[in-house]
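Written below as C-alpha cells is the structure these notes are about.
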Amino acid sequence: MSGKGYLYYAHTMPGLEEVAWIEMRSRLDGASFEGSKTLPGKNGLVFFRYAGQAADLLKLRAVEDVFFLVVRIPKVAWGREGLSQIYQLLARDRFLEAGLGLHGQVSRRRSGRGGTFRVISRMAGGRQPYRRIDFERAAEGALKKRLGRQWRAVEEGEDVEIWANLIGLEFVCGLRLSDASMRHREYKQAHVAASLRPSVAAAMAWLTDPRPGDVFLDPLCGAGTLLVERGTIERHALLLGGDIDAGALRAAAQNVGPRHKPRQLLRWDAGRLPLADASVDKIATNLPFGKQIGSPQGNRRLYRAVFAEIDRVLCSDGSAVVLSSEAELIKDTVRKLRGLQILRGYSITVLGQQARVYVIGRSG
Ligand SMILES: C[S@@+](CC[C@H](N)C(=O)[O-])C[C@H]1O[C@@H](n2cnc3c(N)ncnc32)[C@H](O)[C@@H]1O
C-alpha cells in the first residue's frame, strides 16, 4: 500500500455520484476524491483513495457496490491496438494481489492463494471495431496469465468478480469487494408500488445535511425507506412519516420495526398535515410520478397542496429534498411559493426512468 492507501471506486445509481461523495467524505476519514464517470443507463462510478480498512467501505449506504481499482487507463488506443494495450497492462498489473487480499478480508468467499474468477465486461461509446466478447476475452486472457494456474476462469459460482469496463477510450478494471447484500437491506420486508431503492433513499437523506437535532419528515412515506435510511445515517430528534394509504403505512411500520425511536407514523393527507407551522427541520420525500401512480391532473393538485404544506411546516432554516420525474411541475409549483426556492438539482435514472432530485431551501 502506498502511504495514502489504495484506490477504489463505487457504483452509484446514475446521477448520484456527487451525492455519494458527500457520504464518503463524511464517513471515510482522510479519503480523497479521484474523479467520477457515468456509464449511461447503467451506473455512476466514483473513484477515491482511502487508507483505512476495506470493511469501512461496505458500510456506505448511498452506493450500490464497491470495487478495488486494479487498473485505470484514461486513454487506450482505438481499435485492436487498444485491446492489446489492455492485455499487456493487465497481464503485468502490480495491484491484483493487494485486491485479492482485501477481498479475502471482507468477504466470506475464498480468495487467498487461488480459486475461481469471472470477468464481467461492459463497453459504452467509442464505436470499437471489436465486440464486447472480444474485449472480455482479452481481459480474461490477461488475467489468466497474470494469476497463473492456481486461478481458473468460470462463468458462474466464482470466488471473485473482476469487472472490465471500456467507457469511450477509458479502461477501468475493478475487483468487486461488495456483494448483493450491500444493495439489499434486511429491513425491507414489506413493499409498496414505486418504493425507493435504498441507495437512492440514503443519498436523499444525505442531501438533507443530517443533524442529531433534526425533526425529519417524509409526508408520503410509502414503505418508509427514507425514514429508515435517515434514521440509520444520523441520530434525530423525531422521525415523522405518513401516507394516505393504510397498506403503505402497515408496510412502513413493518420496515421501520422497533428501531429509530423517537418516531411516529400517521395516516394523513400530505396536502393537509396535522403538524404545526415551522415544526420540521428536514423533509425528504418522493412524490408519485405520472407514469407510476396518479394522473397528470391529480398530480398537479397533489403537488400544489404538498408544496404549500412543505412551505408551512418547514422551519426558517429548514430544507426539503424531493424526487420526481415531474421536473417542470415541481419548478412551476415551487416558483409560485414565496417561501421556497430550488437550490440545486440532480438528474438521475431510477429503474430506467429519468427523474430529478431537487434540494429546496427557504428563499429570501
Ligand atoms: C412514490 S410512493 C413513495 C415510496 C416511498 N418513498 C418508499 O420508498 O416506499 C408515493 C406514496 O405517496 C402516497 N400518497 C399519494 N397521495 C398521497 C396523499 N395525498 N397524502 C399522503 N400520501 C399520499 C402513496 O400512497 C404512496 O405510498
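Starting from 1 in every chain, residues are counted up; chains themselves are A, B, ... following the order of the C-alpha cells, and ligands are numbered from 1 as listed.
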
- Skipping near chain neighbours, those fewer than 2 positions away, what residues fall within 8 Å of Trp206 in chain A using only C-alpha atoms, listed as number ranges by chain? A: 19, 22-23, 202-204, 208-210, 230, 233

- Query: If you count only C-alpha atoms and all ligand atoms, which residues end up within 9 Å of ligand 1, as a PyMOL selection string?
  - Reply: chain A and resi 191-198+201+218-227+242-249+251-252+267-273+284-289+292-294+299+302-303+305-306+323-324

Would you save the residues of that selection, restricted to N, CA and C atoms, as a short mmCIF file (atom, residue, chain, number, x, y, z; two decimals), in the first residue's frame?
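Contents of again_13.cif, freshly written:
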```
data_model
loop_
_atom_site.label_atom_id
_atom_site.label_comp_id
_atom_site.auth_asym_id
_atom_site.auth_seq_id
_atom_site.Cartn_x
_atom_site.Cartn_y
_atom_site.Cartn_z
N HIS A 191 -43.24 -4.29 0.92
CA HIS A 191 -43.04 -3.41 -0.24
C HIS A 191 -44.33 -2.70 -0.64
N VAL A 192 -44.17 -1.53 -1.26
CA VAL A 192 -45.32 -0.87 -1.89
C VAL A 192 -44.89 -0.54 -3.32
N ALA A 193 -45.87 -0.22 -4.19
CA ALA A 193 -45.54 0.15 -5.57
C ALA A 193 -44.66 1.38 -5.52
N ALA A 194 -43.68 1.45 -6.43
CA ALA A 194 -42.82 2.63 -6.56
C ALA A 194 -41.98 2.91 -5.32
N SER A 195 -41.67 1.88 -4.57
CA SER A 195 -40.81 2.05 -3.40
C SER A 195 -39.40 2.42 -3.86
N LEU A 196 -38.74 3.24 -3.07
CA LEU A 196 -37.42 3.73 -3.47
C LEU A 196 -36.33 2.68 -3.30
N ARG A 197 -35.36 2.74 -4.17
CA ARG A 197 -34.16 1.93 -3.97
C ARG A 197 -33.43 2.47 -2.75
N PRO A 198 -33.01 1.60 -1.84
CA PRO A 198 -32.38 2.11 -0.60
C PRO A 198 -31.19 3.05 -0.85
N ALA A 201 -32.56 6.41 -1.55
CA ALA A 201 -33.12 6.99 -0.31
C ALA A 201 -31.98 7.48 0.59
N ASP A 218 -41.13 12.63 6.27
CA ASP A 218 -41.47 12.17 4.92
C ASP A 218 -42.99 12.13 4.86
N PRO A 219 -43.61 13.14 4.19
CA PRO A 219 -45.07 13.22 4.20
C PRO A 219 -45.78 12.19 3.32
N LEU A 220 -45.03 11.52 2.41
CA LEU A 220 -45.62 10.47 1.56
C LEU A 220 -44.69 9.27 1.67
N CYS A 221 -44.70 8.64 2.84
CA CYS A 221 -43.58 7.76 3.19
C CYS A 221 -43.62 6.38 2.56
N GLY A 222 -44.74 5.97 1.94
CA GLY A 222 -44.81 4.64 1.33
C GLY A 222 -44.33 3.59 2.31
N ALA A 223 -43.37 2.77 1.87
CA ALA A 223 -42.87 1.68 2.73
C ALA A 223 -41.83 2.15 3.75
N GLY A 224 -41.59 3.46 3.83
CA GLY A 224 -40.74 4.00 4.89
C GLY A 224 -39.24 3.96 4.63
N THR A 225 -38.85 3.77 3.35
CA THR A 225 -37.41 3.63 3.04
C THR A 225 -36.60 4.87 3.46
N LEU A 226 -37.15 6.05 3.18
CA LEU A 226 -36.42 7.28 3.54
C LEU A 226 -36.29 7.44 5.05
N LEU A 227 -37.33 7.05 5.76
CA LEU A 227 -37.28 7.17 7.23
C LEU A 227 -36.18 6.27 7.80
N GLY A 242 -45.82 9.65 7.14
CA GLY A 242 -47.25 9.43 6.96
C GLY A 242 -47.57 9.10 5.53
N ASP A 243 -48.75 8.55 5.33
CA ASP A 243 -49.19 8.19 3.98
C ASP A 243 -50.72 8.14 4.01
N ILE A 244 -51.30 8.35 2.83
CA ILE A 244 -52.77 8.32 2.75
C ILE A 244 -53.29 6.89 2.72
N ASP A 245 -52.40 5.98 2.38
CA ASP A 245 -52.79 4.59 2.16
C ASP A 245 -52.46 3.73 3.39
N ALA A 246 -53.49 3.05 3.91
CA ALA A 246 -53.29 2.26 5.13
C ALA A 246 -52.31 1.12 4.90
N GLY A 247 -52.34 0.52 3.70
CA GLY A 247 -51.43 -0.59 3.38
C GLY A 247 -49.98 -0.11 3.39
N ALA A 248 -49.76 1.08 2.82
CA ALA A 248 -48.40 1.64 2.80
C ALA A 248 -47.91 1.86 4.23
N LEU A 249 -48.81 2.37 5.08
CA LEU A 249 -48.41 2.63 6.47
C LEU A 249 -48.07 1.35 7.22
N ALA A 251 -46.85 -1.29 5.79
CA ALA A 251 -45.53 -1.68 5.28
C ALA A 251 -44.44 -0.85 5.96
N ALA A 252 -44.70 0.46 6.11
CA ALA A 252 -43.70 1.33 6.75
C ALA A 252 -43.47 0.88 8.20
N ARG A 267 -51.51 8.13 9.54
CA ARG A 267 -52.24 8.14 8.27
C ARG A 267 -52.75 9.57 8.07
N TRP A 268 -52.38 10.16 6.92
CA TRP A 268 -52.80 11.53 6.67
C TRP A 268 -52.81 11.84 5.19
N ASP A 269 -53.38 13.00 4.88
CA ASP A 269 -53.28 13.54 3.52
C ASP A 269 -52.12 14.53 3.56
N ALA A 270 -51.11 14.30 2.73
CA ALA A 270 -49.92 15.16 2.77
C ALA A 270 -50.25 16.60 2.37
N GLY A 271 -51.43 16.82 1.83
CA GLY A 271 -51.86 18.17 1.49
C GLY A 271 -52.56 18.86 2.67
N ARG A 272 -52.73 18.13 3.77
CA ARG A 272 -53.33 18.74 4.98
C ARG A 272 -52.70 18.09 6.20
N LEU A 273 -51.48 18.45 6.46
CA LEU A 273 -50.72 17.77 7.52
C LEU A 273 -51.17 18.24 8.91
N ALA A 284 -37.64 14.88 3.38
CA ALA A 284 -37.23 14.17 2.16
C ALA A 284 -38.39 13.29 1.76
N THR A 285 -38.71 13.33 0.47
CA THR A 285 -39.86 12.54 0.02
C THR A 285 -39.78 12.27 -1.46
N ASN A 286 -40.43 11.19 -1.90
CA ASN A 286 -40.60 11.04 -3.34
C ASN A 286 -42.07 11.00 -3.67
N LEU A 287 -42.40 11.97 -4.55
CA LEU A 287 -43.80 12.18 -4.92
C LEU A 287 -44.20 11.18 -5.99
N PRO A 288 -45.49 10.86 -6.09
CA PRO A 288 -45.91 9.96 -7.16
C PRO A 288 -45.61 10.58 -8.53
N PHE A 289 -45.07 9.81 -9.44
CA PHE A 289 -44.83 10.30 -10.81
C PHE A 289 -46.04 9.92 -11.64
N GLN A 292 -46.03 6.28 -12.77
CA GLN A 292 -46.04 5.26 -11.71
C GLN A 292 -47.42 5.10 -11.13
N ILE A 293 -47.87 6.18 -10.50
CA ILE A 293 -49.18 6.17 -9.87
C ILE A 293 -49.77 7.57 -10.02
N GLY A 294 -51.05 7.68 -9.95
CA GLY A 294 -51.68 9.00 -10.07
C GLY A 294 -51.90 9.35 -11.54
N ASN A 299 -51.91 14.76 -10.10
CA ASN A 299 -50.58 15.10 -9.61
C ASN A 299 -50.43 16.61 -9.44
N LEU A 302 -52.11 17.52 -6.32
CA LEU A 302 -51.36 16.97 -5.19
C LEU A 302 -50.08 17.77 -4.95
N TYR A 303 -49.32 18.05 -6.01
CA TYR A 303 -48.05 18.76 -5.85
C TYR A 303 -48.27 20.13 -5.24
N ALA A 305 -50.73 21.13 -3.33
CA ALA A 305 -51.11 21.01 -1.92
C ALA A 305 -49.91 20.58 -1.06
N VAL A 306 -49.11 19.65 -1.57
CA VAL A 306 -47.97 19.15 -0.78
C VAL A 306 -46.92 20.26 -0.59
N LEU A 323 -37.88 14.01 -4.80
CA LEU A 323 -37.61 13.25 -6.03
C LEU A 323 -38.90 13.07 -6.82
N SER A 324 -38.80 13.35 -8.13
CA SER A 324 -39.95 13.10 -9.01
C SER A 324 -39.47 13.16 -10.45
#
```

- Task: Write down as a VMD selection string the residues of range 80-248 of chain A whose backbone DSSP state falls under alpha helix (DSSP H).
- Result: chain A and resid 80 to 91 96 to 106 132 to 147 198 to 207 225 to 233 246 to 248

- Query: Near Gly44 in chain A, counting only C-alpha atoms, which residues have an atom at most 9 Å away, once you skip same-chain residues fewer than 4 positions from it, shown as a list in words?
  - Reply: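 Listing them by chain and then by number gives Ala10, His11, Thr12, Met13, Pro14, Gly15, Leu16, Glu17, Ser36, Lys37, Thr38, Leu39 and Pro40 of chain A.
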
Could those residues be written to a file, using N, CA and C atoms, as a CSV table (one decimal), in the first residue's frame?
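In the end it all went to again-v8.csv:
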```csv
chain,number,residue,atom,x,y,z
A,10,ALA,N,-16.7,3.2,-6.5
A,10,ALA,CA,-18.0,2.7,-6.1
A,10,ALA,C,-19.0,2.9,-7.2
A,11,HIS,N,-19.9,2.0,-7.3
A,11,HIS,CA,-21.1,2.2,-8.2
A,11,HIS,C,-22.2,2.9,-7.5
A,12,THR,N,-22.8,3.9,-8.2
A,12,THR,CA,-24.0,4.6,-7.7
A,12,THR,C,-25.1,4.4,-8.7
A,13,MET,N,-26.3,4.8,-8.4
A,13,MET,CA,-27.3,4.9,-9.4
A,13,MET,C,-26.8,6.1,-10.3
A,14,PRO,N,-27.0,6.1,-11.6
A,14,PRO,CA,-26.5,7.1,-12.4
A,14,PRO,C,-27.0,8.5,-12.0
A,15,GLY,N,-26.1,9.5,-11.9
A,15,GLY,CA,-26.5,10.8,-11.5
A,15,GLY,C,-26.3,11.1,-10.0
A,16,LEU,N,-26.0,10.1,-9.2
A,16,LEU,CA,-25.8,10.3,-7.8
A,16,LEU,C,-24.4,10.2,-7.3
A,17,GLU,N,-23.4,10.4,-8.3
A,17,GLU,CA,-22.0,10.3,-8.0
A,17,GLU,C,-21.6,11.3,-6.9
A,36,SER,N,-15.0,11.1,-11.2
A,36,SER,CA,-16.3,10.3,-11.4
A,36,SER,C,-16.6,10.2,-12.8
A,37,LYS,N,-17.4,9.2,-13.2
A,37,LYS,CA,-17.8,8.9,-14.5
A,37,LYS,C,-19.2,8.4,-14.5
A,38,THR,N,-19.9,8.5,-15.6
A,38,THR,CA,-21.2,7.8,-15.7
A,38,THR,C,-21.3,6.9,-16.8
A,39,LEU,N,-21.7,5.7,-16.6
A,39,LEU,CA,-22.0,4.7,-17.6
A,39,LEU,C,-23.5,4.8,-17.9
A,40,PRO,N,-23.8,5.5,-19.0
A,40,PRO,CA,-25.2,5.9,-19.2
A,40,PRO,C,-26.1,4.6,-19.1
```

- Task: Would you list the contacts of Gly104 in chain A as a PyMOL selection string, taking every protein, DNA or RNA residue within 12 Å and counting only C-alpha atoms, but skipping same-chain residues closer than 4 positions in sequence?
- Result: chain A and resi 54-55+97-100+108-115+159-160+175-178

Expected file contents, prior selection, C-alpha atoms, as a tab-separated table (two decimals), in the first residue's frame:
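File written: selection20.tsv
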```tsv
chain	number	residue	atom	x	y	z
A	54	ALA	CA	-11.69	-2.01	3.37
A	55	ALA	CA	-14.54	-3.16	5.63
A	97	GLU	CA	-2.64	-9.43	-5.07
A	98	ALA	CA	-3.46	-6.48	-2.85
A	99	GLY	CA	-7.02	-6.50	-4.17
A	100	LEU	CA	-7.35	-10.25	-3.64
A	108	ARG	CA	-16.77	-14.90	3.19
A	109	ARG	CA	-15.60	-16.38	-0.11
A	110	ARG	CA	-12.28	-17.98	-0.73
A	111	SER	CA	-9.82	-15.70	-2.49
A	112	GLY	CA	-6.45	-16.46	-0.94
A	113	ARG	CA	-3.86	-18.39	-2.91
A	114	GLY	CA	-6.14	-19.50	-5.69
A	115	GLY	CA	-9.70	-20.11	-6.73
A	159	ASP	CA	-14.94	-16.73	-5.82
A	160	VAL	CA	-14.03	-13.32	-7.23
A	175	LEU	CA	-12.22	-6.29	-8.28
A	176	ARG	CA	-15.63	-6.35	-6.62
A	177	LEU	CA	-15.40	-6.20	-2.84
A	178	SER	CA	-19.12	-5.98	-2.05
```

- Query: Near Lys145 in chain A, counting only C-alpha atoms, which residues have an atom at most 12 Å away, once you skip same-chain residues fewer than 6 positions from it, shown as a ChimeraX atom specification?
  - Reply: /A:87-93,138-139,151-153

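Taking only C-alpha atoms into account, Asn255 in chain A lies nearest to A:Gln189 out of the set A:Gln189, A:Ser279, A:Gln341, A:Ser316.
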
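Shortest separation to Ala205 in chain A among A:Val119, A:Ala20, A:Val154, A:Ile330 occurs at residue A:Ala20, atoms counted being only C-alpha atoms.
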
- Interatomic distance between CA of Leu96 in chain A and CA of Leu147 in chain A?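 A separation of 8.4 Å between them.
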